[in-house]
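Worksheet: one structure, shown below.
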Amino acid sequence: MAGARVHFGVLFVVRVALATVYFQEEFLDGERWRNRWVQSTNNSQFGHFRVSSGKFYGHKEKDKGLQTTQNGRFYAISARFKPFSNKGKTLVLQYTVKHEQKMDCGGGYVKLFPADVDQRNLSGQSQYYIMFGPDICGFDIKKVHVILHFKNQYHANKKSIRCKVDGFTHLYALVLRPDLSYDVKIDGQSIESGSVEYDWNLTSLKKMARSSVGPEDYAQGAGDKSQDWEKHFLDAGASEPSDWNSDLEADFPAPMLQKPPYQDGLKPEGIDKHVWLHRKMKNTNSLTEYDLAEFENIGAIGLDLWQVRAGTIFDNFLITDDEEYAENFGKATWGETRDPEKEMDAIQAKEEMKKAREEDEEELLSGRFQGRNNHFRQFHQRGNQEL
């Protein structure tokens, strides 16, 4: 695994100490990348990668990344790192992608896999936790995928997030926070944000989970099932007695409180009609047991995609728990080379236009000269015939 590299000065050194960097890859050590990245052999027809900075770049060495090399191929490659859980932590997945070939149909996304993924057999059938990044095909598909694995299913963000479609390098970042908020950033700017619960159409799962738990689950006896739950509610603030042993005597039965009377459809302040849901329960299908956007065994990152025309370059991979570190890393990599890259492309475009113009002029002059020669030959042949 490529470790954290300090390039950003004293301030960045401080951030390194505070941030946890799970994975970072910049392809700055020549061919040693082959020791970290494993090409799948699941299919002999999979396309091959090389490390290249492409035809134009901001810095020849810093802009080197994994580049697809064969048209009309599937690609599968991955790198492993020390497994971790993002439970209770922010998770930032960030990388750069450059469709130098002006992508017409193909993927530019990455995937996070569980630690037990079989790298040698990586394919489209391999289970993943997160799929994130651009996908382009024709006029209809120009989107950023954000797909999360939850309760044995894949769930896509319901919003349409448009990706970049030009041939330059762009910085993509996905931020998932413990409070279930998220951000999708392109080139350092937030282009979409919101709630994981609502933007992945998971509210229905929450309703199903809640509906599977009811007041009857708290019954201490047959007579308790007739309890009038409209007039009573659990004292969620009650604590267990000091001599209560929950291991031997089960859960402490929180006392019931009488709801204060209220009229005209007004609810008493401080009372939640779902307050009983906060009581600890066992063997329920509650979402509290399956927290969204939290994964216990993240251990690999990879590319698993299809491209009609090859040439895409993937670089500056980063997985961390610190948004500020990711922002600084993006500025120190993509931020330093994006303008020089555009300048080099503009120079090359001018040179190509100049060369094309010169070739056209040469062809035009050659045609005129050839026409004059033909005219002279025809005149000479006619003169000889008259003699």
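Following the order of the structure tokens, chains are lettered A, B, ..., residues in each are numbered from 1, and ligands are numbered from 1.
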
- Item | DSSP-assigned strand (DSSP E) members of region 33-96 of chain A, reported as a PyMOL selection string | chain A and resi 37-39+49-52+65-68+73-84+91-96

Take the residues just selected and output them with N, CA and C atoms as a JSON list (two decimals), in the first residue's frame.
[["chain", "number", "residue", "atom", "x", "y", "z"],
["A", 37, "TRP", "N", -0.89, -3.26, -7.06],
["A", 37, "TRP", "CA", -2.12, -3.45, -7.81],
["A", 37, "TRP", "C", -2.14, -4.83, -8.47],
["A", 38, "VAL", "N", -3.28, -5.51, -8.35],
["A", 38, "VAL", "CA", -3.42, -6.87, -8.87],
["A", 38, "VAL", "C", -4.41, -6.87, -10.03],
["A", 39, "GLN", "N", -3.95, -7.29, -11.20],
["A", 39, "GLN", "CA", -4.82, -7.38, -12.37],
["A", 39, "GLN", "C", -5.61, -8.69, -12.29],
["A", 49, "PHE", "N", -3.69, -2.49, -18.21],
["A", 49, "PHE", "CA", -3.38, -1.13, -17.79],
["A", 49, "PHE", "C", -1.89, -0.86, -17.96],
["A", 50, "ARG", "N", -1.57, 0.39, -18.10],
["A", 50, "ARG", "CA", -0.20, 0.86, -18.02],
["A", 50, "ARG", "C", -0.21, 2.15, -17.21],
["A", 51, "VAL", "N", 0.95, 2.56, -16.71],
["A", 51, "VAL", "CA", 1.04, 3.84, -16.02],
["A", 51, "VAL", "C", 1.56, 4.87, -17.01],
["A", 52, "SER", "N", 0.79, 5.94, -17.21],
["A", 52, "SER", "CA", 1.13, 6.95, -18.20],
["A", 52, "SER", "C", 0.55, 8.29, -17.79],
["A", 65, "GLY", "N", -0.75, 7.93, -14.11],
["A", 65, "GLY", "CA", -1.77, 7.14, -13.44],
["A", 65, "GLY", "C", -2.08, 5.89, -14.24],
["A", 66, "LEU", "N", -3.01, 5.09, -13.74],
["A", 66, "LEU", "CA", -3.42, 3.88, -14.44],
["A", 66, "LEU", "C", -4.21, 4.25, -15.69],
["A", 67, "GLN", "N", -3.75, 3.80, -16.85],
["A", 67, "GLN", "CA", -4.42, 4.13, -18.11],
["A", 67, "GLN", "C", -4.89, 2.86, -18.81],
["A", 68, "THR", "N", -6.15, 2.87, -19.25],
["A", 68, "THR", "CA", -6.66, 1.77, -20.05],
["A", 68, "THR", "C", -6.03, 1.83, -21.44],
["A", 73, "ARG", "N", -13.00, -3.30, -24.30],
["A", 73, "ARG", "CA", -12.63, -4.30, -23.30],
["A", 73, "ARG", "C", -13.23, -4.00, -21.93],
["A", 74, "PHE", "N", -13.40, -5.07, -21.13],
["A", 74, "PHE", "CA", -13.66, -4.95, -19.71],
["A", 74, "PHE", "C", -12.32, -4.84, -19.01],
["A", 75, "TYR", "N", -12.32, -4.13, -17.87],
["A", 75, "TYR", "CA", -11.11, -3.96, -17.09],
["A", 75, "TYR", "C", -11.40, -4.28, -15.63],
["A", 76, "ALA", "N", -10.42, -4.93, -14.97],
["A", 76, "ALA", "CA", -10.59, -5.25, -13.55],
["A", 76, "ALA", "C", -9.22, -5.29, -12.88],
["A", 77, "ILE", "N", -9.00, -4.38, -11.94],
["A", 77, "ILE", "CA", -7.75, -4.30, -11.22],
["A", 77, "ILE", "C", -8.03, -3.73, -9.84],
["A", 78, "SER", "N", -7.23, -4.11, -8.83],
["A", 78, "SER", "CA", -7.51, -3.67, -7.47],
["A", 78, "SER", "C", -6.24, -3.60, -6.64],
["A", 79, "ALA", "N", -6.32, -2.88, -5.52],
["A", 79, "ALA", "CA", -5.22, -2.77, -4.56],
["A", 79, "ALA", "C", -5.79, -2.97, -3.17],
["A", 80, "ARG", "N", -5.05, -3.71, -2.35],
["A", 80, "ARG", "CA", -5.50, -4.03, -1.00],
["A", 80, "ARG", "C", -4.83, -3.12, 0.03],
["A", 81, "PHE", "N", -5.50, -2.91, 1.16],
["A", 81, "PHE", "CA", -4.93, -2.14, 2.26],
["A", 81, "PHE", "C", -5.44, -2.73, 3.57],
["A", 82, "LYS", "N", -4.92, -2.23, 4.69],
["A", 82, "LYS", "CA", -5.33, -2.74, 5.99],
["A", 82, "LYS", "C", -6.82, -2.50, 6.20],
["A", 83, "PRO", "N", -7.59, -3.53, 6.50],
["A", 83, "PRO", "CA", -9.04, -3.39, 6.65],
["A", 83, "PRO", "C", -9.41, -2.41, 7.77],
["A", 84, "PHE", "N", -10.52, -1.72, 7.58],
["A", 84, "PHE", "CA", -11.00, -0.78, 8.58],
["A", 84, "PHE", "C", -12.51, -0.68, 8.52],
["A", 91, "LEU", "N", -16.16, 9.15, 6.03],
["A", 91, "LEU", "CA", -15.43, 8.40, 5.01],
["A", 91, "LEU", "C", -15.35, 9.26, 3.76],
["A", 92, "VAL", "N", -14.11, 9.49, 3.28],
["A", 92, "VAL", "CA", -13.89, 10.26, 2.06],
["A", 92, "VAL", "C", -13.22, 9.35, 1.04],
["A", 93, "LEU", "N", -13.85, 9.21, -0.11],
["A", 93, "LEU", "CA", -13.29, 8.46, -1.24],
["A", 93, "LEU", "C", -13.04, 9.46, -2.36],
["A", 94, "GLN", "N", -11.77, 9.60, -2.77],
["A", 94, "GLN", "CA", -11.40, 10.66, -3.72],
["A", 94, "GLN", "C", -10.37, 10.14, -4.72],
["A", 95, "TYR", "N", -10.47, 10.63, -5.95],
["A", 95, "TYR", "CA", -9.50, 10.26, -6.99],
["A", 95, "TYR", "C", -9.67, 11.20, -8.17],
["A", 96, "THR", "N", -8.73, 11.13, -9.11],
["A", 96, "THR", "CA", -8.86, 11.91, -10.35],
["A", 96, "THR", "C", -9.04, 10.97, -11.52]]

Determine, counting only C-alpha atoms, which protein, DNA and RNA residues have an atom within 9 Å of an atom of region 99-110 of chain A; residues of the same chain fewer than 3 positions away are not included. Present the result as a CSV table (one decimal) with N, CA, C and O atoms, in the first residue's frame.
chain,number,residue,atom,x,y,z
A,54,GLY,N,-0.2,10.4,-20.3
A,54,GLY,CA,-1.0,10.7,-21.4
A,54,GLY,C,-0.3,11.5,-22.5
A,54,GLY,O,0.9,11.8,-22.4
A,55,LYS,N,-1.1,12.0,-23.4
A,55,LYS,CA,-0.6,12.8,-24.5
A,55,LYS,C,-0.3,14.3,-24.1
A,55,LYS,O,0.5,15.0,-24.6
A,56,PHE,N,-1.1,14.8,-23.1
A,56,PHE,CA,-0.9,16.1,-22.6
A,56,PHE,C,-1.1,16.0,-21.1
A,56,PHE,O,-1.8,15.2,-20.6
A,95,TYR,N,-10.5,10.6,-6.0
A,95,TYR,CA,-9.5,10.3,-7.0
A,95,TYR,C,-9.7,11.2,-8.2
A,95,TYR,O,-10.6,12.0,-8.2
A,130,ILE,N,-19.2,0.2,-2.1
A,130,ILE,CA,-19.5,1.5,-2.7
A,130,ILE,C,-19.0,1.6,-4.2
A,130,ILE,O,-17.9,1.1,-4.5
A,131,MET,N,-19.8,2.1,-5.0
A,131,MET,CA,-19.4,2.4,-6.4
A,131,MET,C,-19.6,3.9,-6.6
A,131,MET,O,-20.7,4.4,-6.4
A,132,PHE,N,-18.5,4.5,-7.1
A,132,PHE,CA,-18.6,6.0,-7.2
A,132,PHE,C,-17.8,6.5,-8.4
A,132,PHE,O,-16.6,6.1,-8.6
A,133,GLY,N,-18.4,7.4,-9.1
A,133,GLY,CA,-17.7,8.0,-10.2
A,133,GLY,C,-18.5,8.2,-11.5
A,133,GLY,O,-19.6,7.7,-11.6
A,134,PRO,N,-17.9,8.8,-12.5
A,134,PRO,CA,-18.6,9.1,-13.8
A,134,PRO,C,-18.8,7.9,-14.7
A,134,PRO,O,-18.0,6.9,-14.7
A,135,ASP,N,-19.9,7.9,-15.4
A,135,ASP,CA,-20.2,6.9,-16.4
A,135,ASP,C,-20.8,7.7,-17.6
A,135,ASP,O,-21.7,8.5,-17.4
A,136,ILE,N,-20.3,7.4,-18.8
A,136,ILE,CA,-20.7,8.1,-20.0
A,136,ILE,C,-21.0,7.1,-21.1
A,136,ILE,O,-20.3,6.2,-21.3
A,137,CYS,N,-22.1,7.3,-21.8
A,137,CYS,CA,-22.5,6.5,-22.9
A,137,CYS,C,-23.5,7.2,-23.8
A,137,CYS,O,-24.7,7.4,-23.4
A,138,GLY,N,-23.1,7.7,-24.9
A,138,GLY,CA,-24.0,8.3,-25.9
A,138,GLY,C,-24.4,9.7,-25.3
A,138,GLY,O,-23.8,10.3,-24.5
A,139,PHE,N,-25.6,10.1,-25.8
A,139,PHE,CA,-26.2,11.4,-25.3
A,139,PHE,C,-27.0,11.3,-24.0
A,139,PHE,O,-27.2,12.3,-23.4
A,141,ILE,N,-26.5,9.0,-21.2
A,141,ILE,CA,-25.8,8.7,-19.9
A,141,ILE,C,-24.6,9.6,-19.8
A,141,ILE,O,-23.6,9.4,-20.4
A,144,VAL,N,-22.9,10.7,-12.6
A,144,VAL,CA,-22.0,10.3,-11.5
A,144,VAL,C,-22.8,9.2,-10.7
A,144,VAL,O,-23.8,9.5,-10.1
A,145,HIS,N,-22.2,8.0,-10.7
A,145,HIS,CA,-22.9,6.9,-9.9
A,145,HIS,C,-22.5,7.1,-8.5
A,145,HIS,O,-21.3,7.3,-8.2
A,165,VAL,N,-17.6,15.9,-19.1
A,165,VAL,CA,-17.5,15.1,-20.3
A,165,VAL,C,-16.4,15.5,-21.2
A,165,VAL,O,-16.3,15.0,-22.3
A,166,ASP,N,-15.5,16.4,-20.8
A,166,ASP,CA,-14.4,16.8,-21.6
A,166,ASP,C,-13.2,15.9,-21.4
A,166,ASP,O,-13.3,14.9,-20.8
A,167,GLY,N,-12.0,16.2,-22.0
A,167,GLY,CA,-10.9,15.4,-22.0
A,167,GLY,C,-9.8,15.7,-20.9
A,167,GLY,O,-8.7,15.2,-21.0
A,168,PHE,N,-10.2,16.6,-20.0
A,168,PHE,CA,-9.3,17.0,-19.0
A,168,PHE,C,-9.4,16.2,-17.7
A,168,PHE,O,-10.4,15.5,-17.5
A,169,THR,N,-8.4,16.3,-16.8
A,169,THR,CA,-8.4,15.6,-15.5
A,169,THR,C,-9.4,16.3,-14.6
A,169,THR,O,-9.3,17.5,-14.5
A,301,ILE,N,-9.6,-1.3,-2.9
A,301,ILE,CA,-10.2,-0.4,-3.9
A,301,ILE,C,-9.9,-0.9,-5.3
A,301,ILE,O,-8.8,-1.5,-5.5
A,302,GLY,N,-10.8,-0.7,-6.2
A,302,GLY,CA,-10.5,-1.2,-7.6
A,302,GLY,C,-11.3,-0.6,-8.7
A,302,GLY,O,-12.2,0.2,-8.4
A,303,LEU,N,-10.9,-0.9,-9.9
A,303,LEU,CA,-11.6,-0.5,-11.1
A,303,LEU,C,-12.2,-1.7,-11.7
A,303,LEU,O,-11.5,-2.7,-12.0
A,304,ASP,N,-13.5,-1.7,-12.0
A,304,ASP,CA,-14.2,-2.8,-12.6
A,304,ASP,C,-15.2,-2.2,-13.6
A,304,ASP,O,-16.3,-1.7,-13.2
A,305,LEU,N,-14.8,-2.1,-14.9
A,305,LEU,CA,-15.5,-1.3,-15.8
A,305,LEU,C,-15.3,-1.7,-17.2
A,305,LEU,O,-14.5,-2.6,-17.5
A,306,TRP,N,-16.1,-1.1,-18.1
A,306,TRP,CA,-16.1,-1.4,-19.6
A,306,TRP,C,-15.8,-0.1,-20.3
A,306,TRP,O,-16.3,1.0,-19.9
A,307,GLN,N,-15.0,-0.2,-21.4
A,307,GLN,CA,-14.7,1.0,-22.2
A,307,GLN,C,-14.7,0.7,-23.7
A,307,GLN,O,-14.1,-0.3,-24.1
A,308,VAL,N,-15.5,1.5,-24.5
A,308,VAL,CA,-15.4,1.3,-25.9
A,308,VAL,C,-14.1,1.8,-26.5
A,308,VAL,O,-13.4,1.1,-27.2
A,309,ARG,N,-13.7,3.0,-26.1
A,309,ARG,CA,-12.5,3.5,-26.5
A,309,ARG,C,-11.6,3.7,-25.3
A,309,ARG,O,-12.0,4.4,-24.3
A,310,ALA,N,-10.4,3.2,-25.3
A,310,ALA,CA,-9.5,3.2,-24.2
A,310,ALA,C,-8.7,4.5,-24.1
A,310,ALA,O,-8.8,5.3,-25.1
A,311,GLY,N,-8.1,4.8,-23.0
A,311,GLY,CA,-7.3,6.0,-22.8
A,311,GLY,C,-7.5,6.7,-21.6
A,311,GLY,O,-6.8,7.7,-21.2
A,312,THR,N,-8.5,6.3,-20.7
A,312,THR,CA,-8.8,7.0,-19.5
A,312,THR,C,-7.6,6.8,-18.5
A,312,THR,O,-7.0,5.7,-18.4
A,313,ILE,N,-7.3,7.8,-17.7
A,313,ILE,CA,-6.2,7.8,-16.7
A,313,ILE,C,-6.8,8.0,-15.3
A,313,ILE,O,-7.5,9.0,-15.1
A,314,PHE,N,-6.5,7.1,-14.4
A,314,PHE,CA,-7.0,7.2,-13.0
A,314,PHE,C,-5.8,7.4,-12.1
A,314,PHE,O,-4.8,6.7,-12.2

- Task: Tell me, as a PyMOL selection string, which residues lie within 10 Å of region 180-182 of chain A, counting only C-alpha atoms; anything in the same chain fewer than 5 positions away does not count.
- Result: chain A and resi 90-92+174-175+190+192-199+291-294

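For Gln348 (chain A), the list of residues within 12 Å, based on only C-alpha atoms and with local chain neighbours fewer than 5 positions off taken out, reads Lys55, Phe56, Tyr57, Glu341, Lys342, Glu343, Met353, Lys354 and Lys355 of chain A.
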
- Query: For the atom pair CA of Asn201 (chain A) and CA of Ala300 (chain A), what is the interatomic distance in Å to one decimal place?
  - Reply: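 According to the coordinates, CA of Asn201 (chain A) and CA of Ala300 (chain A) are separated by 26.7 Å.
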
- Query: Residues at most 7 Å from Leu122 (chain A), counting only C-alpha atoms, excluding those fewer than 4 positions away in the same chain, as a PyMOL selection string?
  - Reply: chain A and resi 40+42+76+118+126
